[in-house]
>>> print(open('entry_10.cif').read())   # mmCIF, C-alpha atoms
data_work
loop_
_atom_site.label_atom_id
_atom_site.label_comp_id
_atom_site.auth_asym_id
_atom_site.auth_seq_id
_atom_site.Cartn_x
_atom_site.Cartn_y
_atom_site.Cartn_z
CA MET K 802 144.55 106.00 136.50
CA ASP K 803 147.28 107.31 134.11
CA LYS K 804 146.81 110.24 131.71
CA ARG K 805 145.88 107.97 128.80
CA GLY K 806 143.25 106.21 130.91
CA LYS K 807 141.83 109.53 132.07
CA ARG K 808 141.64 110.73 128.47
CA ILE K 809 139.79 107.60 127.37
CA PHE K 810 137.44 107.95 130.33
CA ILE K 811 136.69 111.60 129.52
CA TYR K 812 136.09 110.76 125.84
CA GLY K 813 133.73 108.01 126.92
CA VAL K 814 131.76 110.32 129.20
CA VAL K 815 131.51 112.95 126.44
CA ALA K 816 130.36 110.35 123.90
CA ALA K 817 127.77 108.98 126.32
CA GLY K 818 126.53 112.47 127.03
CA ALA K 819 126.24 113.26 123.34
CA PHE K 820 124.30 110.03 122.77
CA ALA K 821 121.96 110.84 125.67
CA VAL K 822 121.26 114.31 124.28
CA LEU K 823 120.65 112.91 120.79
CA PHE K 824 118.34 110.22 122.18
CA PHE K 825 116.41 112.77 124.24
CA LEU K 826 115.96 115.10 121.29
CA THR K 827 114.86 112.25 119.03
CA PHE K 828 112.39 110.86 121.59
CA ARG K 829 111.12 114.34 122.43
CA GLU K 830 110.65 115.15 118.75
CA ARG K 831 108.62 111.97 118.25
CA LYS K 832 106.42 112.64 121.26
CA VAL K 833 105.64 116.25 120.29
CA GLU K 834 105.25 115.41 116.63
CA HIS K 835 101.46 115.47 116.96
CA PHE K 836 100.52 116.01 113.34
CA TRP K 837 97.23 117.22 114.80
CA GLN K 838 95.19 116.23 117.79
CA PRO K 839 91.94 114.57 116.69
CA GLU K 840 88.76 115.11 118.63
CA VAL K 841 87.30 111.88 117.22
CA VAL K 842 89.06 108.55 116.55
CA ALA K 843 87.29 106.03 114.32
CA PHE K 844 88.30 102.38 114.77
CA GLY K 845 86.88 99.87 112.31
CA ASP K 846 87.35 97.48 109.41
CA SER K 847 87.13 98.01 105.64
CA VAL K 848 83.76 99.79 105.86
CA PHE K 849 85.64 102.73 107.39
CA GLY K 850 89.15 101.81 106.30
CA VAL K 851 89.42 100.99 102.60
CA GLU K 852 88.22 104.32 101.18
CA ARG K 853 90.42 106.98 102.76
CA ASP K 854 89.84 109.88 100.37
CA GLU K 855 87.20 112.59 100.76
CA THR K 856 84.45 109.98 100.17
CA GLY K 857 85.47 107.87 103.17
CA VAL K 858 83.04 107.78 106.09
CA PRO K 859 85.44 109.16 108.76
CA GLU K 860 86.67 111.80 106.31
CA GLN K 861 83.14 112.99 105.64
CA LEU K 862 82.36 112.96 109.36
CA ALA K 863 85.04 115.57 109.97
CA GLU K 864 83.19 118.05 107.77
CA LEU K 865 79.72 117.12 109.01
CA LEU K 866 80.68 117.31 112.70
CA GLY K 867 83.02 120.26 112.42
CA LYS K 868 85.58 118.20 114.36
CA SER K 869 88.94 116.65 113.54
CA VAL K 870 88.50 112.92 112.90
CA TYR K 871 91.30 110.34 112.68
CA ASN K 872 90.62 107.25 110.56
CA ALA K 873 92.24 104.39 112.51
CA ALA K 874 90.28 101.67 110.68
CA LEU K 875 92.14 98.68 109.19
CA GLY K 876 90.44 96.54 106.57
CA GLY K 877 90.10 92.84 107.28
CA THR K 878 90.54 93.17 111.04
CA CYS K 879 88.20 91.95 113.76
CA MET K 880 87.03 93.09 117.13
CA ALA K 881 88.39 89.85 118.62
CA ARG K 882 91.84 88.36 118.37
CA LEU K 883 92.04 85.36 116.05
CA ASP K 884 93.98 82.10 116.06
CA ALA K 885 93.46 81.18 119.68
CA GLU K 886 95.78 78.18 119.35
CA ARG K 887 98.88 80.32 118.89
CA ARG K 888 97.51 83.20 120.92
CA MET K 889 99.85 86.24 120.80
CA ASP K 890 101.91 84.82 117.90
CA TYR K 891 99.30 85.69 115.25
CA PRO K 892 100.47 88.98 113.66
CA LYS K 893 97.01 90.42 112.99
CA GLY K 894 95.86 89.75 116.54
CA SER K 895 97.48 92.97 117.73
CA LEU K 896 95.57 94.85 115.00
CA SER K 897 92.20 93.70 116.31
CA LEU K 898 90.16 96.25 118.25
CA ALA K 899 91.11 94.40 121.45
CA GLY K 900 94.79 94.65 120.55
CA LEU K 901 94.70 98.30 119.48
CA THR K 902 92.78 99.53 122.52
CA LYS K 903 95.15 97.67 124.84
CA SER K 904 97.99 99.61 123.21
CA VAL K 905 96.03 102.84 123.64
CA TRP K 906 95.82 102.11 127.36
CA ALA K 907 99.54 101.20 127.56
CA ASP K 908 100.55 104.07 125.23
CA ASP K 909 102.76 101.61 123.35
CA PHE K 910 102.24 100.46 119.76
CA ASN K 911 105.57 98.68 119.28
CA VAL K 912 103.91 95.27 118.93
CA GLN K 913 101.71 96.56 116.08
CA GLU K 914 104.63 98.19 114.30
CA THR K 915 106.59 94.93 114.53
CA ASN K 916 103.71 92.72 113.39
CA ILE K 917 102.78 94.88 110.40
CA ALA K 918 106.16 94.04 108.88
CA ARG K 919 105.14 90.35 108.97
CA ILE K 920 101.88 90.83 107.05
CA ARG K 921 102.06 90.01 103.35
CA GLU K 922 98.44 90.65 102.37
CA SER K 923 97.38 93.05 99.63
CA ASN K 924 95.65 96.36 100.43
CA THR K 925 97.50 96.71 103.73
CA GLU K 926 99.97 99.40 102.60
CA TYR K 927 98.20 102.00 104.69
CA PHE K 928 98.47 99.94 107.90
CA ALA K 929 101.97 101.17 108.84
CA PRO K 930 101.32 104.93 108.56
CA THR K 931 97.93 104.50 110.24
CA ILE K 932 99.51 102.86 113.29
CA ARG K 933 102.45 105.25 113.28
CA ASN K 934 100.13 108.25 113.50
CA LEU K 935 97.76 106.52 115.93
CA ALA K 936 100.70 106.19 118.33
CA LEU K 937 100.98 110.00 118.34
CA VAL K 938 97.39 110.62 119.41
CA ASP K 939 96.91 111.85 122.96
CA PHE K 940 93.81 109.88 123.97
CA SER K 941 93.38 111.91 127.13
CA ARG K 942 92.22 114.70 124.80
CA VAL K 943 90.01 112.59 122.51
CA GLU K 944 86.30 113.38 122.88
CA ILE K 945 84.67 110.51 120.95
CA VAL K 946 85.76 107.03 119.91
CA LEU K 947 83.75 105.18 117.26
CA MET K 948 84.03 101.37 117.17
CA GLN K 949 82.79 99.96 113.85
CA GLN K 950 83.63 96.26 113.92
CA GLY K 951 81.97 92.87 113.70
CA ILE K 952 81.55 91.75 110.11
CA ASN K 953 84.96 90.04 110.03
CA ASP K 954 84.31 88.37 113.39
CA TYR K 955 81.15 86.94 111.81
CA HIS K 956 83.07 85.90 108.67
CA ALA K 957 85.72 84.17 110.80
CA GLY K 958 83.15 82.33 112.90
CA VAL K 959 84.44 83.88 116.12
CA SER K 960 82.55 82.64 119.19
CA ILE K 961 80.19 85.31 120.46
CA GLU K 962 80.98 84.76 124.14
CA ASN K 963 82.87 82.59 126.60
CA PRO K 964 80.55 81.95 129.59
CA GLU K 965 83.57 81.19 131.77
CA ASP K 966 85.48 84.37 130.90
CA PRO K 967 83.48 87.49 129.93
CA TYR K 968 86.74 89.29 128.96
CA ASP K 969 88.11 86.54 126.69
CA GLU K 970 89.60 88.58 123.82
CA TYR K 971 89.26 85.61 121.46
CA THR K 972 85.48 85.98 121.63
CA PHE K 973 83.36 88.78 120.16
CA LEU K 974 81.84 90.12 123.37
CA GLY K 975 84.99 89.47 125.39
CA ALA K 976 86.93 91.66 122.96
CA LEU K 977 84.24 94.35 123.15
CA ARG K 978 84.31 94.40 126.94
CA SER K 979 88.11 94.40 127.00
CA SER K 980 88.23 97.27 124.49
CA VAL K 981 85.81 99.43 126.45
CA ARG K 982 87.70 98.77 129.67
CA ALA K 983 91.02 99.77 128.06
CA LEU K 984 89.60 102.96 126.55
CA ARG K 985 88.03 104.00 129.85
CA LYS K 986 91.35 103.52 131.61
CA ALA K 987 93.00 105.71 128.98
CA ASN K 988 90.31 108.40 129.33
CA PRO K 989 87.31 107.92 131.67
CA GLU K 990 85.55 110.96 130.17
CA MET K 991 85.72 109.80 126.57
CA ARG K 992 82.45 109.13 124.76
CA ILE K 993 82.40 105.57 123.33
CA VAL K 994 80.00 104.86 120.47
CA LEU K 995 79.50 101.41 118.94
CA VAL K 996 78.53 101.20 115.26
CA THR K 997 76.99 97.83 114.38
CA PRO K 998 77.82 95.94 111.16
CA LEU K 999 75.71 96.54 108.07
CA TYR K 1000 73.27 94.03 106.62
CA THR K 1001 75.20 92.11 103.92
CA TRP K 1002 74.59 90.00 100.81
CA TYR K 1003 76.86 87.18 99.55
CA ASN K 1004 76.42 87.02 95.80
CA SER K 1005 78.72 84.03 95.29
CA LEU K 1006 76.70 82.02 97.83
CA GLY K 1007 73.30 83.35 96.82
CA GLN K 1008 72.66 83.99 100.51
CA THR K 1009 72.18 86.98 102.78
CA CYS K 1010 73.65 87.40 106.26
CA GLU K 1011 70.31 86.11 107.60
CA GLU K 1012 71.00 82.75 105.94
CA ALA K 1013 74.79 82.32 105.94
CA ASP K 1014 76.18 80.89 109.18
CA GLN K 1015 79.97 81.23 109.05
CA GLY K 1016 80.51 79.04 112.12
CA GLY K 1017 79.48 81.32 114.98
CA GLY K 1018 75.90 82.06 114.00
CA ILE K 1019 74.19 84.46 111.63
CA LEU K 1020 75.17 88.14 111.63
CA GLU K 1021 72.07 89.31 113.49
CA GLU K 1022 73.08 87.17 116.47
CA TYR K 1023 76.35 89.12 116.70
CA VAL K 1024 74.49 92.43 116.35
CA GLU K 1025 71.91 91.62 119.01
CA ALA K 1026 74.65 90.39 121.34
CA GLU K 1027 76.68 93.60 121.04
CA ILE K 1028 73.57 95.76 121.53
CA ARG K 1029 72.86 93.92 124.78
CA ALA K 1030 76.51 94.24 125.83
CA ALA K 1031 76.47 97.97 125.08
CA GLN K 1032 73.64 98.39 127.59
CA GLU K 1033 75.63 96.40 130.12
CA LEU K 1034 78.74 98.54 129.49
CA ASP K 1035 76.80 101.82 129.38
CA ILE K 1036 78.06 102.83 125.93
CA GLU K 1037 76.11 104.22 123.00
CA VAL K 1038 75.04 102.26 119.90
CA ILE K 1039 74.25 103.32 116.37
CA ASP K 1040 72.34 100.39 114.86
CA MET K 1041 73.33 100.21 111.20
CA TYR K 1042 72.22 96.61 110.77
CA HIS K 1043 68.48 97.10 111.23
CA ASP K 1044 68.03 100.74 110.30
CA PHE K 1045 70.42 101.59 107.47
CA THR K 1046 69.21 99.91 104.30
CA PRO K 1047 66.10 98.00 103.22
CA HIS K 1048 66.66 94.28 102.65
CA GLU K 1049 63.32 92.82 101.76
CA LYS K 1050 64.51 91.78 98.30
CA TRP K 1051 67.86 90.83 96.77
CA GLU K 1052 68.10 93.95 94.60
CA ASP K 1053 68.04 96.20 97.67
CA GLN K 1054 71.80 95.79 97.94
CA GLU K 1055 72.28 97.95 94.84
CA LEU K 1056 70.95 101.02 96.64
CA TYR K 1057 73.97 101.54 98.93
CA MET K 1058 76.34 98.60 98.31
CA ARG K 1059 78.91 98.04 95.57
CA ASP K 1060 79.43 94.31 96.23
CA GLY K 1061 76.90 93.33 98.86
CA ILE K 1062 79.37 94.00 101.69
CA HIS K 1063 81.13 97.32 101.06
CA LEU K 1064 79.39 100.65 100.59
CA ASN K 1065 79.31 102.58 97.33
CA VAL K 1066 79.79 106.36 97.27
CA LYS K 1067 76.10 106.97 97.99
CA GLY K 1068 76.21 104.50 100.87
CA ARG K 1069 79.30 106.06 102.44
CA ASN K 1070 77.69 109.47 102.21
CA ARG K 1071 74.51 108.16 103.84
CA MET K 1072 76.41 106.39 106.60
CA ALA K 1073 78.44 109.50 107.43
CA GLN K 1074 75.25 111.57 107.59
CA GLU K 1075 73.52 109.02 109.84
CA ILE K 1076 76.42 108.91 112.29
CA ALA K 1077 76.83 112.69 112.30
CA ALA K 1078 73.10 113.22 112.88
CA TYR K 1079 73.15 110.83 115.84
CA LEU K 1080 76.26 112.37 117.42
CA ASN K 1081 75.03 115.93 117.00
CA GLU K 1082 71.56 115.11 118.32
CA GLU K 1083 72.91 113.30 121.39
CA GLU K 1084 75.35 116.10 122.15
#
>>> encode(input="entry_10.cif", output="C-alpha cells")
Amino acid sequence: MDKRGKRIFIYGVVAAGAFAVLFFLTFRERKVEHFWQPEVVAFGDSVFGVERDETGVPEQLAELLGKSVYNAALGGTCMARLDAERRMDYPKGSLSLAGLTKSVWADDFNVQETNIARIRESNTEYFAPTIRNLALVDFSRVEIVLMQQGINDYHAGVSIENPEDPYDEYTFLGALRSSVRALRKANPEMRIVLVTPLYTWYNSLGQTCEEADQGGGILEEYVEAEIRAAQELDIEVIDMYHDFTPHEKWEDQELYMRDGIHLNVKGRNRMAQEIAAYLNEEE
C-alpha cells in the first residue's frame, strides 16, 4: 500500500471511529433519558387517554396512590388487533394492547413509531409522544400495570374467542391472554390489574349496551368473558361495568357520563377514586 493509500485508510478508520463514538453516545443518551421511572403504567382507550390534564384518571391516580403513574392509553384502540385479513399491515394493530405489550416484552417500539406516521385520524396527536416515552420505561421496575380496554373491541364486533387458538390476538380473549403472557415475561413480579369497560348508552341509536349488538355480542358478554379469563390467568379485576354507575333508567347516564360513553369530570374523579381505593386496599 503506497503512502496515499495508507493515508486514505487511516482517514477511513478515524471517520469510522468517530461515527461509532457518536452512535454510542446517541444510543446511550436515548437509553438513559428516562424522563422518570413510573411505578404504575396505565394502558387503555379514550376513557383513560383523551383527557390527559389533571382531571384525567391516570393523572388523578398518581396523587391518590402517592405513586408515579404513566398514562399510556390511546383513544380508539382495542385490546385485540383488527383487520385480520391484512394481519400485520393494519397500522393501528400495533397500537392495540396485544401489540403494545408484545413490544414491552421485546423492548422495541419501532413498529409503533413507524405506524403512527401512517395514521391520519383526528385526536391522535398525542400518540407519538406517548409511544416515544413508553419506549423509555424500564418495565422490570414497574410495580403495577392497569389494562383498561374492551369498549372498542365491542364496537368493532371483535370475536370474543377462537376455540382453536386461545392466544389468537385478533380475538378479545386471545389478545388478553397474549398481553398478560408478554407482560409476565417482561416482569414476572409485576401486578396486573384488569379494568372492565363501563356501562354505556348510545343516544343516536336509542339503545344501551345491553341492547346494542355490534357484531360480537352485547357488552356484558365481553365483560363476563374477561372476568372469567382473569381468574384463569390469575390477574386482578376491577369491575367497572356492574359496580360503577346505576343504569336502571336512561337519565342515569347524566350522573357520570358526558355523552353516554365517555366520563365527565365527576365521573373521572369517581373512577380514579374507585381504582385507588381498590389498589390501596389490596396492597
>>> closest_residue(input="entry_10.cif", among="K:Gly877, K:Leu1064, K:Tyr968, K:Leu866", to="Ile920 in chain K", atoms="all atoms listed in the file")
K:Gly877
>>> resolve_selection(input="entry_10.cif", expression="the PyMOL selection byres ((chain K and resi 1072) around 12)", output="PyMOL selection string")
chain K and resi 848-849+856-862+865+949+996-999+1039-1042+1044-1046+1057-1058+1063-1071+1073-1079
>>> atom_distance(input="entry_10.cif", atom1="CA of Asn953 in chain K", atom2="CA of Cys879 in chain K")
5.3 Å
>>> resolve_selection(input="entry_10.cif", expression="the PyMOL selection byres ((chain K and resi 1019) around 12)", output="PyMOL selection string")
chain K and resi 951-952+954-961+1000-1001+1008-1018+1020-1026
>>> write_last_selection(input="entry_10.cif", atoms="C-alpha atoms", output="PDB file, in the frame of the given file")
ATOM      1  CA  GLY K 951      81.970  92.870 113.700  1.00  0.00           C
ATOM      2  CA  ILE K 952      81.550  91.750 110.110  1.00  0.00           C
ATOM      3  CA  ASP K 954      84.310  88.370 113.390  1.00  0.00           C
ATOM      4  CA  TYR K 955      81.150  86.940 111.810  1.00  0.00           C
ATOM      5  CA  HIS K 956      83.070  85.900 108.670  1.00  0.00           C
ATOM      6  CA  ALA K 957      85.720  84.170 110.800  1.00  0.00           C
ATOM      7  CA  GLY K 958      83.150  82.330 112.900  1.00  0.00           C
ATOM      8  CA  VAL K 959      84.440  83.880 116.120  1.00  0.00           C
ATOM      9  CA  SER K 960      82.550  82.640 119.190  1.00  0.00           C
ATOM     10  CA  ILE K 961      80.190  85.310 120.460  1.00  0.00           C
ATOM     11  CA  TYR K1000      73.270  94.030 106.620  1.00  0.00           C
ATOM     12  CA  THR K1001      75.200  92.110 103.920  1.00  0.00           C
ATOM     13  CA  GLN K1008      72.660  83.990 100.510  1.00  0.00           C
ATOM     14  CA  THR K1009      72.180  86.980 102.780  1.00  0.00           C
ATOM     15  CA  CYS K1010      73.650  87.400 106.260  1.00  0.00           C
ATOM     16  CA  GLU K1011      70.310  86.110 107.600  1.00  0.00           C
ATOM     17  CA  GLU K1012      71.000  82.750 105.940  1.00  0.00           C
ATOM     18  CA  ALA K1013      74.790  82.320 105.940  1.00  0.00           C
ATOM     19  CA  ASP K1014      76.180  80.890 109.180  1.00  0.00           C
ATOM     20  CA  GLN K1015      79.970  81.230 109.050  1.00  0.00           C
ATOM     21  CA  GLY K1016      80.510  79.040 112.120  1.00  0.00           C
ATOM     22  CA  GLY K1017      79.480  81.320 114.980  1.00  0.00           C
ATOM     23  CA  GLY K1018      75.900  82.060 114.000  1.00  0.00           C
ATOM     24  CA  LEU K1020      75.170  88.140 111.630  1.00  0.00           C
ATOM     25  CA  GLU K1021      72.070  89.310 113.490  1.00  0.00           C
ATOM     26  CA  GLU K1022      73.080  87.170 116.470  1.00  0.00           C
ATOM     27  CA  TYR K1023      76.350  89.120 116.700  1.00  0.00           C
ATOM     28  CA  VAL K1024      74.490  92.430 116.350  1.00  0.00           C
ATOM     29  CA  GLU K1025      71.910  91.620 119.010  1.00  0.00           C
ATOM     30  CA  ALA K1026      74.650  90.390 121.340  1.00  0.00           C
TER      31      ALA K1026
END
>>> atom_distance(input="entry_10.cif", atom1="CA of Leu896 in chain K", atom2="CA of Ala881 in chain K")
9.5 Å
>>> closest_residue(input="entry_10.cif", among="K:Val1038, K:Ile932, K:Ile945, K:Val981", to="Leu995 in chain K", atoms="all atoms listed in the file")
K:Val1038
>>> atom_distance(input="entry_10.cif", atom1="CA of Val870 in chain K", atom2="CA of Val841 in chain K")
4.6 Å
>>> closest_residue(input="entry_10.cif", among="K:Glu926, K:Tyr971, K:Glu962, K:Ile917", to="Leu883 in chain K", atoms="all atoms listed in the file")
K:Tyr971
>>> resolve_selection(input="entry_10.cif", expression="the PyMOL selection byres ((chain K and resi 992) around 7)", output="PDB file with C-alpha atoms, keeping the file's coordinate frame")
ATOM      1  CA  GLU K 944      86.300 113.380 122.880  1.00  0.00           C
ATOM      2  CA  ILE K 945      84.670 110.510 120.950  1.00  0.00           C
ATOM      3  CA  VAL K 946      85.760 107.030 119.910  1.00  0.00           C
ATOM      4  CA  GLU K 990      85.550 110.960 130.170  1.00  0.00           C
ATOM      5  CA  MET K 991      85.720 109.800 126.570  1.00  0.00           C
ATOM      6  CA  ILE K 993      82.400 105.570 123.330  1.00  0.00           C
ATOM      7  CA  VAL K 994      80.000 104.860 120.470  1.00  0.00           C
TER       8      VAL K 994
END
>>> closest_residue(input="entry_10.cif", among="K:Ala987, K:Leu974, K:Glu922, K:Asn911", to="Arg1029 in chain K", atoms="only C-alpha atoms")
K:Leu974
>>> axis_aligned_box(input="entry_10.cif", around="range 903-919 of chain K", padding_each_side="6 Å", output="lines of an AutoDock Vina configuration file")
center_x = 100.9
center_y = 97.2
center_z = 118.2
size_x = 23.4
size_y = 25.7
size_z = 30.7
>>> residues_around(input="entry_10.cif", residues="Pro989 in chain K", least_positions_apart="6", cutoff="10 Å", atoms="only C-alpha atoms", output="list in words")
Ser941, Arg982 and Ala983 of chain K
>>> residues_near_point(input="entry_10.cif", point="(91.5, 86.8, 121.1)", cutoff="10 Å", atoms="all atoms listed in the file", output="MDAnalysis selection string")
chainID K and resid 879:886 888:889 891 894:895 897:900 959 968:973 975:976
>>> closest_residue(input="entry_10.cif", among="K:Glu1082, K:Phe928, K:Glu864, K:Trp1002", to="Arg1059 in chain K", atoms="all atoms listed in the file")
K:Trp1002
